[in-house]
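> Take this structure first; my questions come after.
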2 protein chains.
Amino acid sequence: MTIPLDISEIWEKLAIPRGGKIIYVVLDGVGGLPDISRGGTELQVAQTPNLDALAKQSSCGLLEIVGPGITPGSGPGHLTLFGYHPLRYSLGRGVLSAMGIDLELQEGDVAARANFATIDEAGKVSDRRAGRIATELNQHLCQKIRDKVELDFDGEFFFKTVSEHRAVLVLRGSGLSGDLPDTDPQQTGIAPHEPQPNSEAARLTAHLVSTFIDRVREVLADEQSANGILLRGFEQYHPLPGLGDRFKLDGVCIADYPMYRGVSRLLGMKILPHPGGVEERFQALADCYGDDFDFYFLHVKKTDSYGEDADFDHKVKTIEMVDNLIPQVTALNPDVLIVTADHSTPSTMGKHSWHPVPVMLSAATAKIDAVDSFDEYSCMRGSLGTRPGTHLMGLALAHAGRLEKFGA
Amino acid sequence: MTIPLDISEIWEKLAIPRGGKIIYVVLDGVGGLPDISRGGTELQVAQTPNLDALAKQSSCGLLEIVGPGITPGSGPGHLTLFGYHPLRYSLGRGVLSAMGIDLELQEGDVAARANFATIDEAGKVSDRRAGRIATELNQHLCQKIRDKVELDFDGEFFFKTVSEHRAVLVLRGSGLSGDLPDTDPQQTGIAPHEPQPNSEAARLTAHLVSTFIDRVREVLADEQSANGILLRGFEQYHPLPGLGDRFKLDGVCIADYPMYRGVSRLLGMKILPHPGGVEERFQALADCYGDDFDFYFLHVKKTDSYGEDADFDHKVKTIEMVDNLIPQVTALNPDVLIVTADHSTPSTMGKHSWHPVPVMLSAATAKIDAVDSFDEYSCMRGSLGTRPGTHLMGLALAHAGRLEKFGA
């Protein structure tokens, strides 16, 4: 059975192209679990006078980003915060990988993930990762492929390093399709699959991919380990409706990591040039704050990275560093200031988790509550309650005065 | 626009066939309301040191099983706890009644509820319940019907006592259909409805039912009150996808009552033989705990029965008895231990109710909260919040490490 899902469609109808400015400060993976030996979660242990002061003037709560028990990847986590229901707006691996290395996709491009691999004399895969070659060798080989491989069609290809054995292939041209099976057999001892088209529409693409793979084999013939490639996750890129189309927001992204820049670009935000470290990003926010944009997305990655490393202490230190920078944001007097996360990454687990993330929303119209500390437990008692992550954008728009009344 | 409502479909996609073990201890109808003369709810009044100790190490909350204001029957209540949205996976009365007397249905069987009734000389219903005959007489009459009635078709029928005037008819064979109206007119003074087929597919079934009713009338001709039957809730049985298919769980059911055994069988769980009383069931859990199963469902009925009897004191005593047995479960060190109910049955009401039920989830990755007592009021302050009952299975799977990350 089905139900009308998506409350964001109502916001689309009610959104007006004027109103207050909204700042999102997203502390990636900041949500945690208590470490008993340290006396609390990372947010509880960290000294955060500025975040706590902001909590005292905010409406606080918890966001369950995708759904109960579901651990969000970074892509779905951010789409959710931006008002894009992650079960409706899905991004495949190929497109995410391309976006993850700052490759600007165009409508109709076909992207796939690539592995450098070792193919033996009988044509069978002997190592799906080519011994996890160094990123530098990968870059060298990609350059070689770009220099020496030509595809005879009315279009072009991109083949770029991700890291170690990983790369991305993008085909650009007319008449392409992503309806192709993986060539990666997912096991050793057998030959790579032939790129047969799954449908008539994918015939040209399959031919191009097959030719590309053969030419790469020739170019890499002298390589010891990385003498071939395996492809998987073919996907054609179709742009999503942007924040402007949907919510009448001119957005700007201030992020360091390609993935977050990529998702933001996908939603039509302007991407600021790489500003450097976290402090520079807060400065960049202050510098660009003004008439050009309605929506400001500032991303901090290290809270997640240290969580993934199970490094409780450095996650705490990162939170404290961010806390130090918060006054620069409040000094801008944004109409709506939101601090939250795209998912939890408890240091005690060393990976993303499903636990709801704390959120605080400061605005003149916010229902300020008694929460006086920005952490996973205090925010439980906040006036926003515990709610789906998809609610956030609607609350942001409303508090910014950017949604009209529903009905008379 | 519409999407699949059911977040459990996402769990299906993310579930992996490995990870921790999950124990559900379901205290049927344990949720209650305060009895002012006794100073609280049944759970508040009961002395429960072990449940309370477990609460201190758990993530607590409340589950609204089916939806706001909706009083769950036992079938939907349990389906919900097992991750089957009760608005989507419905079990009709015919099938539930058959399962409720341990009748093992096969795909394609048609089941209906039956009442013994009094039919007057004019062929009109004078008592729809035949004066609520004793169960013993019902059993005697059912035996007589089974002995003397024959149906001329390539199949067989089952006609079995439920209790008092209630029985179940099951037809088994090919070419059957449940698309038949009730013969029970729901009032006295008129004749039973003829079993006309609602569709062409039900022609054979209607003929068989009509013949069966006539033959039963002949067999019961000498009975004073129970001289006929009324049928309602015709339904063809189609198995549901099992816990293994959906969530990669090998489940086992340790329950005494046929209804719960039936629902568990329906979901592909192994059903342990009747182990006797509550203490024996806890022992049976310990005995079967190990490599064979991932999911253990232990059911306690008496909390509900005493609630239905409006017997506050015995409900309290049952809770205390269960509390005594909890250390046997915690001693197994399950990866996920959940204690909850399928619905409330407040002794003050003497029947099932819609009030959310307390739940606690103990696991290494649980967000342990400040709740230090397992009851309806303390759990309100827990880290799970108040949420739909359908969320529980996803949370169980996540905490057991049995769900992959959603998206990249």
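Going through the structure tokens in order, the chains are called A, B, and so on, while each chain numbers its residues from 1 and the ligands are numbered from 1 in the order shown.
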Could the residues of chain A that have an atom at most 8 Å from chain B be listed as JSON lines, each with its closest atom pair and the distance in Å to one decimal, counting only C-alpha atoms and ordered by chain and ascending residue number?

```
{"residue": "A:Met1", "atom": "CA", "partner": "B:Pro4", "partner_atom": "CA", "distance": 6.4}
{"residue": "A:Thr2", "atom": "CA", "partner": "B:Pro4", "partner_atom": "CA", "distance": 4.8}
{"residue": "A:Ile3", "atom": "CA", "partner": "B:Thr2", "partner_atom": "CA", "distance": 5.3}
{"residue": "A:Pro4", "atom": "CA", "partner": "B:Thr2", "partner_atom": "CA", "distance": 4.5}
{"residue": "A:Leu5", "atom": "CA", "partner": "B:Thr2", "partner_atom": "CA", "distance": 5.7}
{"residue": "A:Asp6", "atom": "CA", "partner": "B:Met1", "partner_atom": "CA", "distance": 7.6}
{"residue": "A:Leu33", "atom": "CA", "partner": "B:Lys367", "partner_atom": "CA", "distance": 6.2}
{"residue": "A:Pro34", "atom": "CA", "partner": "B:Lys367", "partner_atom": "CA", "distance": 7.5}
{"residue": "A:Gly67", "atom": "CA", "partner": "B:Ile7", "partner_atom": "CA", "distance": 7.1}
{"residue": "A:Pro68", "atom": "CA", "partner": "B:His391", "partner_atom": "CA", "distance": 5.7}
{"residue": "A:Gly69", "atom": "CA", "partner": "B:Leu395", "partner_atom": "CA", "distance": 4.4}
{"residue": "A:Ile70", "atom": "CA", "partner": "B:Phe406", "partner_atom": "CA", "distance": 6.6}
{"residue": "A:Thr71", "atom": "CA", "partner": "B:Lys405", "partner_atom": "CA", "distance": 4.9}
{"residue": "A:Pro72", "atom": "CA", "partner": "B:Phe406", "partner_atom": "CA", "distance": 5.0}
{"residue": "A:Gly73", "atom": "CA", "partner": "B:Ala408", "partner_atom": "CA", "distance": 4.4}
{"residue": "A:Ser74", "atom": "CA", "partner": "B:Ala408", "partner_atom": "CA", "distance": 5.9}
{"residue": "A:Gly75", "atom": "CA", "partner": "B:Ala408", "partner_atom": "CA", "distance": 5.8}
{"residue": "A:Pro76", "atom": "CA", "partner": "B:Gly407", "partner_atom": "CA", "distance": 6.2}
{"residue": "A:Arg88", "atom": "CA", "partner": "B:Ile3", "partner_atom": "CA", "distance": 7.6}
{"residue": "A:Leu91", "atom": "CA", "partner": "B:Gly407", "partner_atom": "CA", "distance": 7.7}
{"residue": "A:Gly92", "atom": "CA", "partner": "B:Gly407", "partner_atom": "CA", "distance": 7.7}
{"residue": "A:Arg93", "atom": "CA", "partner": "B:Ala408", "partner_atom": "CA", "distance": 7.0}
{"residue": "A:Leu96", "atom": "CA", "partner": "B:Ala408", "partner_atom": "CA", "distance": 7.5}
{"residue": "A:Met349", "atom": "CA", "partner": "B:Thr365", "partner_atom": "CA", "distance": 7.6}
{"residue": "A:His352", "atom": "CA", "partner": "B:Lys405", "partner_atom": "CA", "distance": 7.9}
{"residue": "A:Trp354", "atom": "CA", "partner": "B:Ala398", "partner_atom": "CA", "distance": 7.4}
{"residue": "A:His355", "atom": "CA", "partner": "B:Lys367", "partner_atom": "CA", "distance": 7.7}
{"residue": "A:Tyr377", "atom": "CA", "partner": "B:Ser383", "partner_atom": "CA", "distance": 7.7}
{"residue": "A:Met380", "atom": "CA", "partner": "B:Ser383", "partner_atom": "CA", "distance": 7.1}
{"residue": "A:Thr386", "atom": "CA", "partner": "B:Gly385", "partner_atom": "CA", "distance": 7.0}
```
> Which RMSD value, in Å, follows from superposing chain B onto chain A on all C-alpha atoms in order by least squares?
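Between chain A and chain B, the C-alpha RMSD is 0.7 Å.
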> Quick one: pick out all strand (DSSP E) residues within region 138-340 of chain A from a backbone DSSP run and write them as a ChimeraX atom specification.
/A:155-163,166-173,228-236,251-254,270-271,295-300,336-340
> From the options A:Pro358, A:Pro327, A:Gly350, A:Pro275, which residue's atoms come nearest to Glu308 (chain A), counting only C-alpha atoms?
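The closest residue to Glu308 (chain A) is A:Gly350.
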> Out of A:Tyr296, A:Phe247, A:Tyr24, A:Tyr289, which residue has the shortest atom-to-atom distance to Lys270 (chain A) when counting only C-alpha atoms?
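Among A:Tyr296, A:Phe247, A:Tyr24, A:Tyr289, it is A:Tyr296 that comes nearest to Lys270 (chain A).
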> With only C-alpha atoms as the counted atoms, please give the residues lying no more than 10 Å from Val371 (chain A), apart from itself and same-chain residues fewer than 5 positions off, as a PyMOL selection string.
chain A and resi 52-61+360+377-383
